[in-house]
Amino acid sequence: MEERLQKLLSGAGICSRRAAEAYLLAGRVQVNGVAARLGDKADPERDRIEVDGVPLPRREAPLYLMLNKPRGYVTTLSDERGRRTAGELVAGCGRRVWPVGRLDLDSEGLLLFTDDGALTDRLIHPRHQVEKEYLVRVEGDVEGALPILRGPMELDGVPLAPAQVRPLGRDLLSVTIHEGKNRQVRRMCAQAGLRVRMLRRIREGPVELGALAPGRWRHLTEEERQALLAL
């Protein structure tokens, strides 16, 4: 099946899609001996694709990882400000994978990595309504905040899907959302008069963090992979 060359280069672990555009503009990519242009497509099963004269490696089966991201790491593969990145923690997987969605610098917990672009789109696009569950330790009037958190809320003038909020203790909440907007749970809590002291993602769709230690990663099981692909 034909796909854009930017996607093929990224999927093969050569570079990011943005960098692939620069490769194409610089004439570094050839398809069947002819210099490719931005926007060109190719079929890796039929066409000979080369970068700087080196054939594109055959596509491997997609990789799916789970990381327990600690606090103090930014969710990116590289950071221009020199901060520690979540990408560093999964560098030993042997492939170029990217994070699915984000956890902010001060948040921790389940962060999925993959090189499967289609799955990434299904997990992060709001239309798919994939649940994300967080443990949130807060300060403030929890009892008074619950009706606000469970009721109609907006962020940036856009209505949110109703959150599922359960008290697990005097200052601990389970919060399940669907959209995953920037710092959404923290901003929801702020609107309800609560200050977040700890925020940990423990579930995304059917995949749970479990007992994975902070800073460690593992491959998803076949059962977890199939459950994600079925979303």
# chains A, B, ... in the order shown; residues from 1 in each chain; ligands from 1
$ residues_around --residues "Arg150 in chain A" --least-positions-apart "2" --cutoff "9 Å" --atoms "only C-alpha atoms" --output "JSON, numbers by chain"
{"A": [145, 146, 147, 148, 152, 153, 162, 163, 164, 165]}
$ closest_atom_pairs --of "range 143-187 of chain A" --to "range 91-104 of chain A" --cutoff "12 Å" --atoms "only C-alpha atoms" --output "Markdown table"
| residue | atom | partner | partner_atom | distance |
| --- | --- | --- | --- | --- |
| A:Glu179 | CA | A:Gly101 | CA | 10.5 |
| A:Gly180 | CA | A:Gly101 | CA | 7.9 |
| A:Lys181 | CA | A:Arg102 | CA | 9.3 |
| A:Asn182 | CA | A:Arg102 | CA | 8.1 |
| A:Arg183 | CA | A:Asp104 | CA | 6.9 |
| A:Gln184 | CA | A:Asp104 | CA | 10.2 |
| A:Val185 | CA | A:Leu103 | CA | 10.8 |
| A:Arg186 | CA | A:Asp104 | CA | 10.1 |
$ write_last_selection --atoms "all heavy atoms" --output "PDB file, in the first residue's frame"
ATOM      1  N   GLU A 179     -10.851  13.371  27.263  1.00  0.00           N
ATOM      2  CA  GLU A 179     -10.214  14.213  26.250  1.00  0.00           C
ATOM      3  C   GLU A 179      -8.695  14.264  26.359  1.00  0.00           C
ATOM      4  O   GLU A 179      -8.001  14.183  25.357  1.00  0.00           O
ATOM      5  CB  GLU A 179     -10.745  15.657  26.343  1.00  0.00           C
ATOM      6  CG  GLU A 179     -12.195  15.801  25.969  1.00  0.00           C
ATOM      7  CD  GLU A 179     -13.094  15.677  27.195  1.00  0.00           C
ATOM      8  OE1 GLU A 179     -12.617  15.221  28.252  1.00  0.00           O
ATOM      9  OE2 GLU A 179     -14.270  16.050  27.089  1.00  0.00           O
ATOM     10  N   GLY A 180      -8.169  14.457  27.557  1.00  0.00           N
ATOM     11  CA  GLY A 180      -6.728  14.588  27.717  1.00  0.00           C
ATOM     12  C   GLY A 180      -6.192  15.927  27.261  1.00  0.00           C
ATOM     13  O   GLY A 180      -5.121  16.016  26.650  1.00  0.00           O
ATOM     14  N   LYS A 181      -6.912  17.029  27.541  1.00  0.00           N
ATOM     15  CA  LYS A 181      -6.405  18.364  27.218  1.00  0.00           C
ATOM     16  C   LYS A 181      -5.202  18.687  28.097  1.00  0.00           C
ATOM     17  O   LYS A 181      -4.971  18.043  29.117  1.00  0.00           O
ATOM     18  CB  LYS A 181      -7.511  19.411  27.424  1.00  0.00           C
ATOM     19  CG  LYS A 181      -8.643  19.326  26.429  1.00  0.00           C
ATOM     20  CD  LYS A 181      -9.661  20.421  26.673  1.00  0.00           C
ATOM     21  CE  LYS A 181     -10.775  20.379  25.633  1.00  0.00           C
ATOM     22  NZ  LYS A 181     -10.279  20.744  24.297  1.00  0.00           N
ATOM     23  N   ASN A 182      -4.453  19.720  27.710  1.00  0.00           N
ATOM     24  CA  ASN A 182      -3.249  20.101  28.429  1.00  0.00           C
ATOM     25  C   ASN A 182      -3.555  20.376  29.907  1.00  0.00           C
ATOM     26  O   ASN A 182      -4.377  21.226  30.227  1.00  0.00           O
ATOM     27  CB  ASN A 182      -2.633  21.349  27.779  1.00  0.00           C
ATOM     28  CG  ASN A 182      -1.326  21.751  28.421  1.00  0.00           C
ATOM     29  OD1 ASN A 182      -0.509  20.910  28.781  1.00  0.00           O
ATOM     30  ND2 ASN A 182      -1.126  23.045  28.585  1.00  0.00           N
ATOM     31  N   ARG A 183      -2.905  19.619  30.798  1.00  0.00           N
ATOM     32  CA  ARG A 183      -3.051  19.765  32.247  1.00  0.00           C
ATOM     33  C   ARG A 183      -4.523  19.739  32.672  1.00  0.00           C
ATOM     34  O   ARG A 183      -4.939  20.429  33.599  1.00  0.00           O
ATOM     35  CB  ARG A 183      -2.380  21.056  32.718  1.00  0.00           C
ATOM     36  CG  ARG A 183      -0.887  21.081  32.446  1.00  0.00           C
ATOM     37  CD  ARG A 183      -0.260  22.413  32.825  1.00  0.00           C
ATOM     38  NE  ARG A 183      -0.261  22.608  34.260  1.00  0.00           N
ATOM     39  CZ  ARG A 183       0.680  22.179  35.094  1.00  0.00           C
ATOM     40  NH1 ARG A 183       1.713  21.481  34.626  1.00  0.00           N
ATOM     41  NH2 ARG A 183       0.605  22.427  36.384  1.00  0.00           N
ATOM     42  N   GLN A 184      -5.319  18.902  32.003  1.00  0.00           N
ATOM     43  CA  GLN A 184      -6.769  18.928  32.194  1.00  0.00           C
ATOM     44  C   GLN A 184      -7.183  18.652  33.632  1.00  0.00           C
ATOM     45  O   GLN A 184      -7.984  19.398  34.201  1.00  0.00           O
ATOM     46  CB  GLN A 184      -7.448  17.906  31.268  1.00  0.00           C
ATOM     47  CG  GLN A 184      -8.971  17.863  31.427  1.00  0.00           C
ATOM     48  CD  GLN A 184      -9.640  16.986  30.399  1.00  0.00           C
ATOM     49  OE1 GLN A 184      -9.105  16.771  29.316  1.00  0.00           O
ATOM     50  NE2 GLN A 184     -10.816  16.468  30.711  1.00  0.00           N
ATOM     51  N   VAL A 185      -6.675  17.584  34.238  1.00  0.00           N
ATOM     52  CA  VAL A 185      -7.118  17.237  35.593  1.00  0.00           C
ATOM     53  C   VAL A 185      -6.708  18.319  36.580  1.00  0.00           C
ATOM     54  O   VAL A 185      -7.481  18.694  37.472  1.00  0.00           O
ATOM     55  CB  VAL A 185      -6.561  15.861  35.993  1.00  0.00           C
ATOM     56  CG1 VAL A 185      -6.905  15.548  37.454  1.00  0.00           C
ATOM     57  CG2 VAL A 185      -7.119  14.773  35.087  1.00  0.00           C
ATOM     58  N   ARG A 186      -5.503  18.849  36.446  1.00  0.00           N
ATOM     59  CA  ARG A 186      -5.064  19.918  37.335  1.00  0.00           C
ATOM     60  C   ARG A 186      -5.956  21.150  37.204  1.00  0.00           C
ATOM     61  O   ARG A 186      -6.331  21.782  38.202  1.00  0.00           O
ATOM     62  CB  ARG A 186      -3.613  20.301  37.031  1.00  0.00           C
ATOM     63  CG  ARG A 186      -2.605  19.204  37.363  1.00  0.00           C
ATOM     64  CD  ARG A 186      -1.179  19.668  37.068  1.00  0.00           C
ATOM     65  NE  ARG A 186      -0.234  18.595  37.305  1.00  0.00           N
ATOM     66  CZ  ARG A 186       0.291  18.305  38.499  1.00  0.00           C
ATOM     67  NH1 ARG A 186      -0.045  19.029  39.561  1.00  0.00           N
ATOM     68  NH2 ARG A 186       1.158  17.317  38.636  1.00  0.00           N
TER      69      ARG A 186
END
$ select_by_dssp --residues "range 23-106 of chain A" --states "helix (DSSP H, G or I)" --output "compact mmCIF listing (two decimals) with N, CA, C and O atoms, in the first residue's frame"
# COMPACT_ATOMS: atom_id res chain seq x y z
N TYR A 23 14.72 16.12 4.52
CA TYR A 23 15.44 15.16 3.68
C TYR A 23 14.94 15.22 2.25
O TYR A 23 15.74 15.20 1.29
N LEU A 24 13.63 15.26 2.08
CA LEU A 24 13.04 15.29 0.75
C LEU A 24 13.39 16.58 0.02
O LEU A 24 13.75 16.56 -1.17
N LEU A 25 13.31 17.70 0.71
CA LEU A 25 13.63 18.99 0.09
C LEU A 25 15.10 19.06 -0.31
O LEU A 25 15.46 19.73 -1.28
N ALA A 86 11.31 11.76 28.98
CA ALA A 86 10.78 10.40 29.07
C ALA A 86 11.39 9.51 28.00
O ALA A 86 11.57 8.30 28.21
N GLY A 87 11.76 10.10 26.86
CA GLY A 87 12.39 9.34 25.80
C GLY A 87 13.69 8.68 26.24
O GLY A 87 14.03 7.58 25.79
N GLU A 88 14.43 9.35 27.12
CA GLU A 88 15.69 8.78 27.62
C GLU A 88 15.45 7.47 28.36
O GLU A 88 16.29 6.56 28.34
N LEU A 89 14.32 7.39 29.03
CA LEU A 89 14.04 6.23 29.88
C LEU A 89 13.71 4.97 29.07
O LEU A 89 13.83 3.87 29.58
N ALA A 91 15.08 4.51 25.92
CA ALA A 91 16.07 4.45 24.84
C ALA A 91 16.62 3.04 24.63
O ALA A 91 17.06 2.70 23.54
N GLY A 92 16.57 2.22 25.66
CA GLY A 92 17.10 0.88 25.56
C GLY A 92 16.22 -0.10 24.83
O GLY A 92 16.58 -1.28 24.70
N CYS A 93 15.08 0.34 24.31
CA CYS A 93 14.17 -0.59 23.63
C CYS A 93 14.69 -0.99 22.25
O CYS A 93 14.19 -1.94 21.65
$ closest_atom_pairs --of "range 26-99 of chain A" --to "range 110-118 of chain A" --cutoff "6 Å" --atoms "only C-alpha atoms" --output "Markdown table"
| residue | atom | partner | partner_atom | distance |
| --- | --- | --- | --- | --- |
| A:Pro62 | CA | A:Asp116 | CA | 5.6 |
| A:Leu63 | CA | A:Thr114 | CA | 5.3 |
| A:Tyr64 | CA | A:Thr114 | CA | 4.7 |
| A:Leu65 | CA | A:Phe113 | CA | 5.0 |
| A:Met66 | CA | A:Leu112 | CA | 4.7 |
| A:Leu67 | CA | A:Leu111 | CA | 5.2 |
| A:Asn68 | CA | A:Leu110 | CA | 5.0 |
| A:Val97 | CA | A:Asp115 | CA | 4.8 |
| A:Trp98 | CA | A:Phe113 | CA | 5.2 |
| A:Pro99 | CA | A:Phe113 | CA | 4.4 |
$ closest_residue --among "A:Arg83, A:Arg137, A:His219, A:Arg166" --to "Arg200 in chain A" --atoms "only C-alpha atoms"
A:Arg137
$ residues_around --residues "range 206-214 of chain A" --least-positions-apart "5" --cutoff "10 Å" --atoms "only C-alpha atoms" --output "PyMOL selection string"
chain A and resi 66-71+108-112+130-133+200-201+220-221+223-228+230-231
$ atom_distance --atom1 "CA of Val29 in chain A" --atom2 "CA of Arg48 in chain A"
10.5 Å
